[in-house]
Structures are given as C-alpha cells and as structure tokens.
$ cat input-v2.pdb   # PDB, C-alpha atoms
ATOM      1  CA  MET L  30    -108.510 -96.641  10.930  1.00  0.00           C
ATOM      2  CA  SER L  31    -112.148 -97.187  11.426  1.00  0.00           C
ATOM      3  CA  LEU L  32    -114.313 -97.108  14.487  1.00  0.00           C
ATOM      4  CA  ARG L  33    -115.039-100.804  14.058  1.00  0.00           C
ATOM      5  CA  HIS L  34    -111.379-101.682  14.521  1.00  0.00           C
ATOM      6  CA  ALA L  35    -111.050 -99.439  17.564  1.00  0.00           C
ATOM      7  CA  ILE L  36    -114.070-101.182  19.117  1.00  0.00           C
ATOM      8  CA  LEU L  37    -112.776-104.651  18.258  1.00  0.00           C
ATOM      9  CA  ALA L  38    -109.368-103.783  19.732  1.00  0.00           C
ATOM     10  CA  MET L  39    -110.878-102.486  22.965  1.00  0.00           C
ATOM     11  CA  LEU L  40    -113.247-105.415  23.398  1.00  0.00           C
ATOM     12  CA  ASP L  41    -110.467-107.879  22.600  1.00  0.00           C
ATOM     13  CA  ILE L  42    -108.631-106.620  25.685  1.00  0.00           C
ATOM     14  CA  GLU L  43    -111.688-106.680  27.917  1.00  0.00           C
ATOM     15  CA  LYS L  44    -115.336-107.410  27.143  1.00  0.00           C
ATOM     16  CA  GLY L  45    -117.893-104.838  28.241  1.00  0.00           C
ATOM     17  CA  SER L  46    -121.125-102.975  27.673  1.00  0.00           C
ATOM     18  CA  GLY L  47    -121.645-100.058  25.331  1.00  0.00           C
ATOM     19  CA  TYR L  48    -121.456 -97.767  28.352  1.00  0.00           C
ATOM     20  CA  ASP L  49    -118.156 -99.372  29.408  1.00  0.00           C
ATOM     21  CA  LEU L  50    -116.830 -98.842  25.893  1.00  0.00           C
ATOM     22  CA  VAL L  51    -117.816 -95.161  25.824  1.00  0.00           C
ATOM     23  CA  LYS L  52    -115.982 -94.660  29.145  1.00  0.00           C
ATOM     24  CA  ARG L  53    -112.905 -96.485  27.817  1.00  0.00           C
ATOM     25  CA  PHE L  54    -112.880 -94.290  24.715  1.00  0.00           C
ATOM     26  CA  ASP L  55    -113.086 -91.158  26.848  1.00  0.00           C
ATOM     27  CA  GLN L  56    -110.378 -92.338  29.236  1.00  0.00           C
ATOM     28  CA  SER L  57    -107.910 -93.797  26.789  1.00  0.00           C
ATOM     29  CA  VAL L  58    -108.011 -93.409  23.019  1.00  0.00           C
ATOM     30  CA  SER L  59    -109.926 -90.125  22.758  1.00  0.00           C
ATOM     31  CA  TYR L  60    -106.682 -88.216  22.161  1.00  0.00           C
ATOM     32  CA  PHE L  61    -106.205 -89.990  18.844  1.00  0.00           C
ATOM     33  CA  TRP L  62    -109.631 -91.389  18.001  1.00  0.00           C
ATOM     34  CA  ALA L  63    -112.845 -89.593  18.888  1.00  0.00           C
ATOM     35  CA  ALA L  64    -116.280 -91.188  18.669  1.00  0.00           C
ATOM     36  CA  SER L  65    -119.662 -90.125  19.940  1.00  0.00           C
ATOM     37  CA  TYR L  66    -121.906 -92.233  22.131  1.00  0.00           C
ATOM     38  CA  GLN L  67    -124.299 -92.722  19.179  1.00  0.00           C
ATOM     39  CA  GLN L  68    -121.521 -93.755  16.781  1.00  0.00           C
ATOM     40  CA  ILE L  69    -120.245 -96.380  19.215  1.00  0.00           C
ATOM     41  CA  TYR L  70    -123.687 -97.891  19.800  1.00  0.00           C
ATOM     42  CA  ARG L  71    -124.481 -97.960  16.054  1.00  0.00           C
ATOM     43  CA  GLU L  72    -121.161 -99.685  15.350  1.00  0.00           C
ATOM     44  CA  LEU L  73    -121.732-102.226  18.135  1.00  0.00           C
ATOM     45  CA  GLN L  74    -125.029-103.186  16.477  1.00  0.00           C
ATOM     46  CA  LYS L  75    -123.345-103.517  13.066  1.00  0.00           C
ATOM     47  CA  LEU L  76    -120.488-105.608  14.441  1.00  0.00           C
ATOM     48  CA  GLU L  77    -122.941-107.900  16.204  1.00  0.00           C
ATOM     49  CA  SER L  78    -125.089-108.261  13.066  1.00  0.00           C
ATOM     50  CA  GLU L  79    -121.912-109.223  11.151  1.00  0.00           C
ATOM     51  CA  ALA L  80    -121.101-111.824  13.858  1.00  0.00           C
ATOM     52  CA  LEU L  81    -117.841-110.037  14.741  1.00  0.00           C
ATOM     53  CA  LEU L  82    -119.209-109.506  18.246  1.00  0.00           C
ATOM     54  CA  GLU L  83    -121.600-111.448  20.394  1.00  0.00           C
ATOM     55  CA  SER L  84    -123.454-110.175  23.397  1.00  0.00           C
ATOM     56  CA  GLU L  85    -124.962-111.473  26.585  1.00  0.00           C
ATOM     57  CA  GLU L  86    -127.996-109.745  28.109  1.00  0.00           C
ATOM     58  CA  VAL L  87    -127.478-108.802  31.763  1.00  0.00           C
ATOM     59  CA  ILE L  88    -130.577-108.063  33.799  1.00  0.00           C
ATOM     60  CA  GLN L  89    -130.064-105.344  36.408  1.00  0.00           C
ATOM     61  CA  GLN L  90    -132.117-104.333  39.424  1.00  0.00           C
ATOM     62  CA  GLY L  91    -133.257-100.705  39.405  1.00  0.00           C
ATOM     63  CA  LYS L  92    -131.386 -99.971  36.157  1.00  0.00           C
ATOM     64  CA  PRO L  93    -132.009-100.744  32.497  1.00  0.00           C
ATOM     65  CA  ASP L  94    -130.747-104.135  31.349  1.00  0.00           C
ATOM     66  CA  LYS L  95    -127.461-104.084  29.458  1.00  0.00           C
ATOM     67  CA  LYS L  96    -125.563-106.109  26.896  1.00  0.00           C
ATOM     68  CA  ILE L  97    -122.014-107.262  27.510  1.00  0.00           C
ATOM     69  CA  TYR L  98    -120.117-107.532  24.219  1.00  0.00           C
ATOM     70  CA  GLU L  99    -117.298-109.910  23.427  1.00  0.00           C
ATOM     71  CA  VAL L 100    -115.236-110.339  20.255  1.00  0.00           C
ATOM     72  CA  THR L 101    -115.930-113.517  18.292  1.00  0.00           C
ATOM     73  CA  PRO L 102    -113.267-115.554  16.444  1.00  0.00           C
ATOM     74  CA  ASP L 103    -114.434-113.840  13.219  1.00  0.00           C
ATOM     75  CA  GLY L 104    -113.959-110.489  14.958  1.00  0.00           C
ATOM     76  CA  ILE L 105    -110.403-111.464  15.935  1.00  0.00           C
ATOM     77  CA  SER L 106    -109.761-112.471  12.326  1.00  0.00           C
ATOM     78  CA  GLU L 107    -111.110-109.120  11.075  1.00  0.00           C
ATOM     79  CA  LEU L 108    -108.883-107.260  13.528  1.00  0.00           C
ATOM     80  CA  GLN L 109    -105.819-109.313  12.533  1.00  0.00           C
ATOM     81  CA  LYS L 110    -106.427-108.609   8.813  1.00  0.00           C
ATOM     82  CA  TRP L 111    -106.661-104.902   9.573  1.00  0.00           C
ATOM     83  CA  LEU L 112    -103.466-105.017  11.675  1.00  0.00           C
ATOM     84  CA  GLU L 113    -101.558-106.404   8.671  1.00  0.00           C
ATOM     85  CA  LYS L 114    -102.338-103.303   6.601  1.00  0.00           C
ATOM     86  CA  PRO L 115    -100.033-100.275   6.916  1.00  0.00           C
ATOM     87  CA  ALA L 116    -101.454 -97.317   8.838  1.00  0.00           C
ATOM     88  CA  LYS L 117    -101.416 -93.852   7.318  1.00  0.00           C
ATOM     89  CA  ALA L 118     -99.480 -91.153   9.132  1.00  0.00           C
ATOM     90  CA  MET L 119    -101.620 -88.834  11.213  1.00  0.00           C
ATOM     91  CA  LYS L 120    -102.326 -85.342   9.902  1.00  0.00           C
ATOM     92  CA  ILE L 121    -103.179 -82.525  12.262  1.00  0.00           C
ATOM     93  CA  LYS L 122    -106.351 -80.601  11.528  1.00  0.00           C
ATOM     94  CA  GLU L 123    -106.510 -77.904  14.202  1.00  0.00           C
ATOM     95  CA  PRO L 124    -108.570 -74.737  13.527  1.00  0.00           C
ATOM     96  CA  LEU L 125    -106.775 -72.836  16.308  1.00  0.00           C
ATOM     97  CA  LEU L 126    -103.502 -73.153  14.409  1.00  0.00           C
ATOM     98  CA  ILE L 127    -105.063 -71.450  11.364  1.00  0.00           C
ATOM     99  CA  LYS L 128    -106.271 -68.639  13.634  1.00  0.00           C
ATOM    100  CA  ILE L 129    -102.755 -68.204  14.993  1.00  0.00           C
ATOM    101  CA  TYR L 130    -101.279 -68.417  11.497  1.00  0.00           C
ATOM    102  CA  ALA L 131    -103.543 -65.518  10.466  1.00  0.00           C
ATOM    103  CA  GLY L 132    -103.257 -63.951  13.913  1.00  0.00           C
ATOM    104  CA  GLU L 133    -101.803 -60.669  12.739  1.00  0.00           C
ATOM    105  CA  LEU L 134    -105.339 -59.753  11.645  1.00  0.00           C
ATOM    106  CA  ALA L 135    -106.936 -60.958  14.894  1.00  0.00           C
ATOM    107  CA  ASP L 136    -107.830 -59.034  18.018  1.00  0.00           C
ATOM    108  CA  THR L 137    -104.835 -59.871  20.260  1.00  0.00           C
ATOM    109  CA  GLY L 138    -106.960 -60.064  23.406  1.00  0.00           C
ATOM    110  CA  LEU L 139    -109.384 -62.529  21.816  1.00  0.00           C
ATOM    111  CA  LEU L 140    -106.533 -64.619  20.453  1.00  0.00           C
ATOM    112  CA  ILE L 141    -104.856 -64.751  23.875  1.00  0.00           C
ATOM    113  CA  GLU L 142    -108.182 -65.690  25.478  1.00  0.00           C
ATOM    114  CA  GLU L 143    -108.771 -68.514  22.998  1.00  0.00           C
ATOM    115  CA  ILE L 144    -105.251 -69.919  23.360  1.00  0.00           C
ATOM    116  CA  SER L 145    -105.677 -69.761  27.145  1.00  0.00           C
ATOM    117  CA  GLN L 146    -108.965 -71.677  26.941  1.00  0.00           C
ATOM    118  CA  HIS L 147    -107.334 -74.363  24.801  1.00  0.00           C
ATOM    119  CA  LYS L 148    -104.400 -74.468  27.191  1.00  0.00           C
ATOM    120  CA  ALA L 149    -106.757 -75.121  30.113  1.00  0.00           C
ATOM    121  CA  ALA L 150    -108.532 -77.897  28.192  1.00  0.00           C
ATOM    122  CA  HIS L 151    -105.198 -79.539  27.322  1.00  0.00           C
ATOM    123  CA  ALA L 152    -104.039 -79.270  30.949  1.00  0.00           C
ATOM    124  CA  THR L 153    -107.229 -81.038  32.069  1.00  0.00           C
ATOM    125  CA  ARG L 154    -106.739 -83.757  29.465  1.00  0.00           C
ATOM    126  CA  LEU L 155    -103.106 -84.198  30.528  1.00  0.00           C
ATOM    127  CA  GLN L 156    -104.198 -84.679  34.124  1.00  0.00           C
ATOM    128  CA  GLN L 157    -106.778 -87.272  33.053  1.00  0.00           C
ATOM    129  CA  TYR L 158    -104.177 -89.154  30.998  1.00  0.00           C
ATOM    130  CA  GLN L 159    -101.692 -89.097  33.865  1.00  0.00           C
ATOM    131  CA  GLU L 160    -104.319 -90.476  36.249  1.00  0.00           C
ATOM    132  CA  MET L 161    -105.188 -93.239  33.784  1.00  0.00           C
ATOM    133  CA  SER L 162    -101.487 -94.020  33.348  1.00  0.00           C
ATOM    134  CA  GLU L 163    -101.130 -94.336  37.118  1.00  0.00           C
ATOM    135  CA  LEU L 164    -104.048 -96.784  37.191  1.00  0.00           C
ATOM    136  CA  LEU L 165    -102.479 -98.883  34.429  1.00  0.00           C
ATOM    137  CA  ILE L 166     -99.104 -98.935  36.166  1.00  0.00           C
ATOM    138  CA  ASN L 167    -100.735-100.226  39.342  1.00  0.00           C
ATOM    139  CA  LEU L 168    -102.746-103.037  37.731  1.00  0.00           C
ATOM    140  CA  GLU L 169    -102.094-106.551  38.944  1.00  0.00           C
ATOM    141  CA  GLN L 170    -100.825-109.190  36.538  1.00  0.00           C
ATOM    142  CA  PRO L 171    -102.117-110.467  34.065  1.00  0.00           C
ATOM    143  CA  LEU L 172    -104.103-107.263  33.439  1.00  0.00           C
ATOM    144  CA  ARG L 173    -100.930-105.130  33.469  1.00  0.00           C
ATOM    145  CA  SER L 174     -99.480-107.254  30.660  1.00  0.00           C
ATOM    146  CA  LYS L 175    -102.775-107.094  28.763  1.00  0.00           C
ATOM    147  CA  TYR L 176    -102.755-103.291  28.955  1.00  0.00           C
ATOM    148  CA  PHE L 177     -99.034-102.832  28.184  1.00  0.00           C
ATOM    149  CA  LEU L 178     -99.464-101.709  24.559  1.00  0.00           C
ATOM    150  CA  PRO L 179    -102.565 -99.590  25.241  1.00  0.00           C
ATOM    151  CA  HIS L 180    -100.498 -97.916  27.958  1.00  0.00           C
ATOM    152  CA  GLN L 181     -97.819 -97.143  25.375  1.00  0.00           C
ATOM    153  CA  THR L 182    -100.405 -95.270  23.286  1.00  0.00           C
ATOM    154  CA  LEU L 183    -101.477 -93.362  26.398  1.00  0.00           C
ATOM    155  CA  LYS L 184     -97.850 -92.358  27.006  1.00  0.00           C
ATOM    156  CA  LEU L 185     -97.784 -90.750  23.563  1.00  0.00           C
ATOM    157  CA  GLY L 186    -100.967 -88.878  24.433  1.00  0.00           C
ATOM    158  CA  ILE L 187     -99.266 -87.578  27.580  1.00  0.00           C
ATOM    159  CA  LYS L 188     -96.230 -86.407  25.591  1.00  0.00           C
ATOM    160  CA  ILE L 189     -98.461 -84.702  23.014  1.00  0.00           C
ATOM    161  CA  GLU L 190    -100.362 -82.846  25.742  1.00  0.00           C
ATOM    162  CA  GLU L 191     -97.127 -81.814  27.475  1.00  0.00           C
ATOM    163  CA  ALA L 192     -95.722 -80.531  24.172  1.00  0.00           C
ATOM    164  CA  TRP L 193     -98.958 -78.702  23.427  1.00  0.00           C
ATOM    165  CA  LEU L 194     -98.872 -76.956  26.809  1.00  0.00           C
ATOM    166  CA  GLU L 195     -95.226 -75.955  26.337  1.00  0.00           C
ATOM    167  CA  TRP L 196     -95.993 -74.600  22.861  1.00  0.00           C
ATOM    168  CA  ALA L 197     -99.061 -72.695  24.132  1.00  0.00           C
ATOM    169  CA  GLU L 198     -97.018 -71.065  26.879  1.00  0.00           C
ATOM    170  CA  GLU L 199     -94.323 -70.012  24.387  1.00  0.00           C
ATOM    171  CA  THR L 200     -96.961 -68.650  22.019  1.00  0.00           C
ATOM    172  CA  LEU L 201     -98.723 -66.691  24.759  1.00  0.00           C
ATOM    173  CA  GLU L 202     -95.396 -65.204  25.866  1.00  0.00           C
ATOM    174  CA  ALA L 203     -94.552 -64.239  22.297  1.00  0.00           C
ATOM    175  CA  ILE L 204     -97.922 -62.582  21.725  1.00  0.00           C
ATOM    176  CA  THR L 205     -97.847 -60.615  24.965  1.00  0.00           C
TER     177      THR L 205
END

$ encode --input "input-v2.pdb" --output "structure tokens"
Amino acid sequence: MSLRHAILAMLDIEKGSGYDLVKRFDQSVSYFWAASYQQIYRELQKLESEALLESEEVIQQGKPDKKIYEVTPDGISELQKWLEKPAKAMKIKEPLLIKIYAGELADTGLLIEEISQHKAAHATRLQQYQEMSELLINLEQPLRSKYFLPHQTLKLGIKIEEAWLEWAEETLEAIT
C-alpha cells in the first residue's frame, strides 16, 4: 500500500483539506497506516500535479486560506486499479517484542516500566478508536453507509488494541 492510495481512499469518501486529512489519519487509519503531516502534504501536491486530485481555494477570515481536495475521475481510476491488485499480508515490526524476547538479560524493573508505558499508550488508543466507532455508529444516512467499510477497519483496530492490552497484562503478571 502506498500513501497515495490511502489519501485517494479517504478523499473518495469525503473531500477535505490537508488539515482535515491529517485529522482523519490520526482518528482512523493510524493503527495500520502511519503518515506524518509533511508526508501527507507532499503527497497531496503530487496527486494534484498528476491530476488525480483537484482542489478549490477557500478564503478564510482570521485564518490562513486552505485548499479543499477532491478525487478526480483519473484518481478514482488509479484507486480502482490499485484495488484490483492483491494486498500483501501485514508483518509486525515491534521493537518492544525483541526486548521482551531478549528480556532475560534486561533489568526487570525497566522492562516492566516500558511494557507499562506501552500498555498505557495502547489503552489511550483503544479509547480513541472506541469513541470514533461510536461516532460512526451514530452517523445519519447516507454517511453511515459511506463509512461502513472504514468502520470495519476501525473494528479490527479495536480488536488489536484489546488483544494487545490482554497480552501486556499477561506478560506483566508473568514477569512479576
């Protein structure tokens, strides 16, 4: 998957500014696709230069002007071509797991502290995902239908966070 396809997919559901897109990334797909503010804005410029997106300048009072991006027919075509290709299975790359794997050599107190910090971060993320899920459930039609499949991806994020928290608790109990 590339950032360009994530952006096209998000803007296909609902047009928006770069700022809107950054917020959507943080609130929805960040559990399986991370992108920085700078990466998103660079990709928006590329997609617009390739005519896969078009933008409308919006003048604002007391704030900087903004661009609202929308997917073009060529952008939809690009996204459809990408959707036809098989996706590779996700591989986990988590440094904490290597630390735990080699944990017999670690200071137990430091290892417990680090797992606890990760546990807190995952608990916060779970709460954010659950709040977003609640918002999606309460959308009025036709937006609820439009967000049905994105909501399904969010549900997986919730299950992953719940499993992570359960695993962290078991690991902490086993270490102590």

$ resolve_selection --input "input-v2.pdb" --expression "the PyMOL selection byres ((chain L and resi 112) around 12)" --output "PyMOL selection string"
chain L and resi 30-31+34-35+37-38+105-111+113-116

$ write_last_selection --input "input-v2.pdb" --atoms "C-alpha atoms" --output "compact mmCIF listing (two decimals), in the coordinates of the input"
# COMPACT_ATOMS: atom_id res chain seq x y z
CA MET L 30 -108.51 -96.64 10.93
CA SER L 31 -112.15 -97.19 11.43
CA HIS L 34 -111.38 -101.68 14.52
CA ALA L 35 -111.05 -99.44 17.56
CA LEU L 37 -112.78 -104.65 18.26
CA ALA L 38 -109.37 -103.78 19.73
CA ILE L 105 -110.40 -111.46 15.94
CA SER L 106 -109.76 -112.47 12.33
CA GLU L 107 -111.11 -109.12 11.08
CA LEU L 108 -108.88 -107.26 13.53
CA GLN L 109 -105.82 -109.31 12.53
CA LYS L 110 -106.43 -108.61 8.81
CA TRP L 111 -106.66 -104.90 9.57
CA GLU L 113 -101.56 -106.40 8.67
CA LYS L 114 -102.34 -103.30 6.60
CA PRO L 115 -100.03 -100.28 6.92
CA ALA L 116 -101.45 -97.32 8.84

$ residues_around --input "input-v2.pdb" --residues "Met161 of chain L" --least-positions-apart "3" --cutoff "12 Å" --atoms "only C-alpha atoms" --output "PDB file with C-alpha atoms, in the coordinates of the input"
ATOM      1  CA  LYS L  52    -115.982 -94.660  29.145  1.00  0.00           C
ATOM      2  CA  ARG L  53    -112.905 -96.485  27.817  1.00  0.00           C
ATOM      3  CA  PHE L  54    -112.880 -94.290  24.715  1.00  0.00           C
ATOM      4  CA  ASP L  55    -113.086 -91.158  26.848  1.00  0.00           C
ATOM      5  CA  GLN L  56    -110.378 -92.338  29.236  1.00  0.00           C
ATOM      6  CA  SER L  57    -107.910 -93.797  26.789  1.00  0.00           C
ATOM      7  CA  VAL L  58    -108.011 -93.409  23.019  1.00  0.00           C
ATOM      8  CA  ARG L 154    -106.739 -83.757  29.465  1.00  0.00           C
ATOM      9  CA  LEU L 155    -103.106 -84.198  30.528  1.00  0.00           C
ATOM     10  CA  GLN L 156    -104.198 -84.679  34.124  1.00  0.00           C
ATOM     11  CA  GLN L 157    -106.778 -87.272  33.053  1.00  0.00           C
ATOM     12  CA  TYR L 158    -104.177 -89.154  30.998  1.00  0.00           C
ATOM     13  CA  LEU L 164    -104.048 -96.784  37.191  1.00  0.00           C
ATOM     14  CA  LEU L 165    -102.479 -98.883  34.429  1.00  0.00           C
ATOM     15  CA  ILE L 166     -99.104 -98.935  36.166  1.00  0.00           C
ATOM     16  CA  ASN L 167    -100.735-100.226  39.342  1.00  0.00           C
ATOM     17  CA  LEU L 168    -102.746-103.037  37.731  1.00  0.00           C
ATOM     18  CA  TYR L 176    -102.755-103.291  28.955  1.00  0.00           C
ATOM     19  CA  PRO L 179    -102.565 -99.590  25.241  1.00  0.00           C
ATOM     20  CA  HIS L 180    -100.498 -97.916  27.958  1.00  0.00           C
ATOM     21  CA  GLN L 181     -97.819 -97.143  25.375  1.00  0.00           C
ATOM     22  CA  THR L 182    -100.405 -95.270  23.286  1.00  0.00           C
ATOM     23  CA  LEU L 183    -101.477 -93.362  26.398  1.00  0.00           C
ATOM     24  CA  LYS L 184     -97.850 -92.358  27.006  1.00  0.00           C
ATOM     25  CA  GLY L 186    -100.967 -88.878  24.433  1.00  0.00           C
ATOM     26  CA  ILE L 187     -99.266 -87.578  27.580  1.00  0.00           C
TER      27      ILE L 187
END

$ residues_around --input "input-v2.pdb" --residues "segment 83-86 of chain L" --least-positions-apart "6" --cutoff "9 Å" --atoms "only C-alpha atoms" --output "NGL selection string"
:L and (46 or 76-77 or 94-101)

$ closest_residue --input "input-v2.pdb" --among "L:Leu185, L:Ile127, L:Ile141, L:Leu178" --to "Ala203 of chain L" --atoms "all atoms listed in the file"
L:Ile141

$ atom_distance --input "input-v2.pdb" --atom1 "atom CA of Pro102 of chain L" --atom2 "atom CA of Phe177 of chain L"
22.4 Å

$ atom_distance --input "input-v2.pdb" --atom1 "atom CA of Leu50 of chain L" --atom2 "atom CA of Ala63 of chain L"
12.3 Å

$ atom_distance --input "input-v2.pdb" --atom1 "atom CA of Arg71 of chain L" --atom2 "atom CA of Glu43 of chain L"
19.5 Å

$ resolve_selection --input "input-v2.pdb" --expression "the PyMOL selection byres ((chain L and resi 69) around 9)" --output "VMD selection string"
chain L and resid 32 to 33 36 47 50 to 51 64 to 68 70 to 74

$ residues_around --input "input-v2.pdb" --residues "segment 148-150 of chain L" --least-positions-apart "3" --cutoff "9 Å" --atoms "only C-alpha atoms" --output "VMD selection string"
chain L and resid 143 to 145 153 to 155 193 to 194 197 to 198

$ closest_residue --input "input-v2.pdb" --among "L:Asp41, L:Glu202, L:Asp136, L:Asp49" --to "Leu82 of chain L" --atoms "all atoms listed in the file"
L:Asp41

$ axis_aligned_box --input "input-v2.pdb" --around "segment 172-187 of chain L" --padding-each-side "3 Å" --output "lines of an AutoDock Vina configuration file"
center_x = -100.9
center_y = -97.4
center_z = 28.4
size_x = 12.3
size_y = 25.7
size_z = 16.2

$ closest_residue --input "input-v2.pdb" --among "L:Ser174, L:Thr205, L:Thr137, L:Gln159" --to "Lys188 of chain L" --atoms "all atoms listed in the file"
L:Gln159

$ build_atoms --input "input-v2.pdb" --residues "segment 148-160 of chain L" --atoms "N, CA and C atoms" --output "compact mmCIF listing (two decimals), in the frame of the given file"
# COMPACT_ATOMS: atom_id res chain seq x y z
N LYS L 148 -105.45 -74.04 26.26
CA LYS L 148 -104.40 -74.47 27.19
C LYS L 148 -105.02 -75.14 28.42
N ALA L 149 -106.08 -74.55 28.95
CA ALA L 149 -106.76 -75.12 30.11
C ALA L 149 -107.35 -76.49 29.78
N ALA L 150 -107.95 -76.61 28.61
CA ALA L 150 -108.53 -77.90 28.19
C ALA L 150 -107.44 -78.96 28.05
N HIS L 151 -106.31 -78.59 27.47
CA HIS L 151 -105.20 -79.54 27.32
C HIS L 151 -104.60 -79.92 28.68
N ALA L 152 -104.55 -78.97 29.60
CA ALA L 152 -104.04 -79.27 30.95
C ALA L 152 -104.96 -80.27 31.66
N THR L 153 -106.26 -80.10 31.48
CA THR L 153 -107.23 -81.04 32.07
C THR L 153 -107.06 -82.42 31.46
N ARG L 154 -106.92 -82.47 30.14
CA ARG L 154 -106.74 -83.76 29.46
C ARG L 154 -105.45 -84.43 29.91
N LEU L 155 -104.38 -83.64 30.06
CA LEU L 155 -103.11 -84.20 30.53
C LEU L 155 -103.28 -84.82 31.90
N GLN L 156 -103.97 -84.14 32.78
CA GLN L 156 -104.20 -84.68 34.12
C GLN L 156 -104.98 -85.99 34.06
N GLN L 157 -105.99 -86.04 33.21
CA GLN L 157 -106.78 -87.27 33.05
C GLN L 157 -105.89 -88.40 32.55
N TYR L 158 -105.06 -88.13 31.55
CA TYR L 158 -104.18 -89.15 31.00
C TYR L 158 -103.18 -89.65 32.04
N GLN L 159 -102.65 -88.71 32.83
CA GLN L 159 -101.69 -89.10 33.86
C GLN L 159 -102.36 -89.97 34.93
N GLU L 160 -103.59 -89.65 35.29
CA GLU L 160 -104.32 -90.48 36.25
C GLU L 160 -104.58 -91.87 35.69
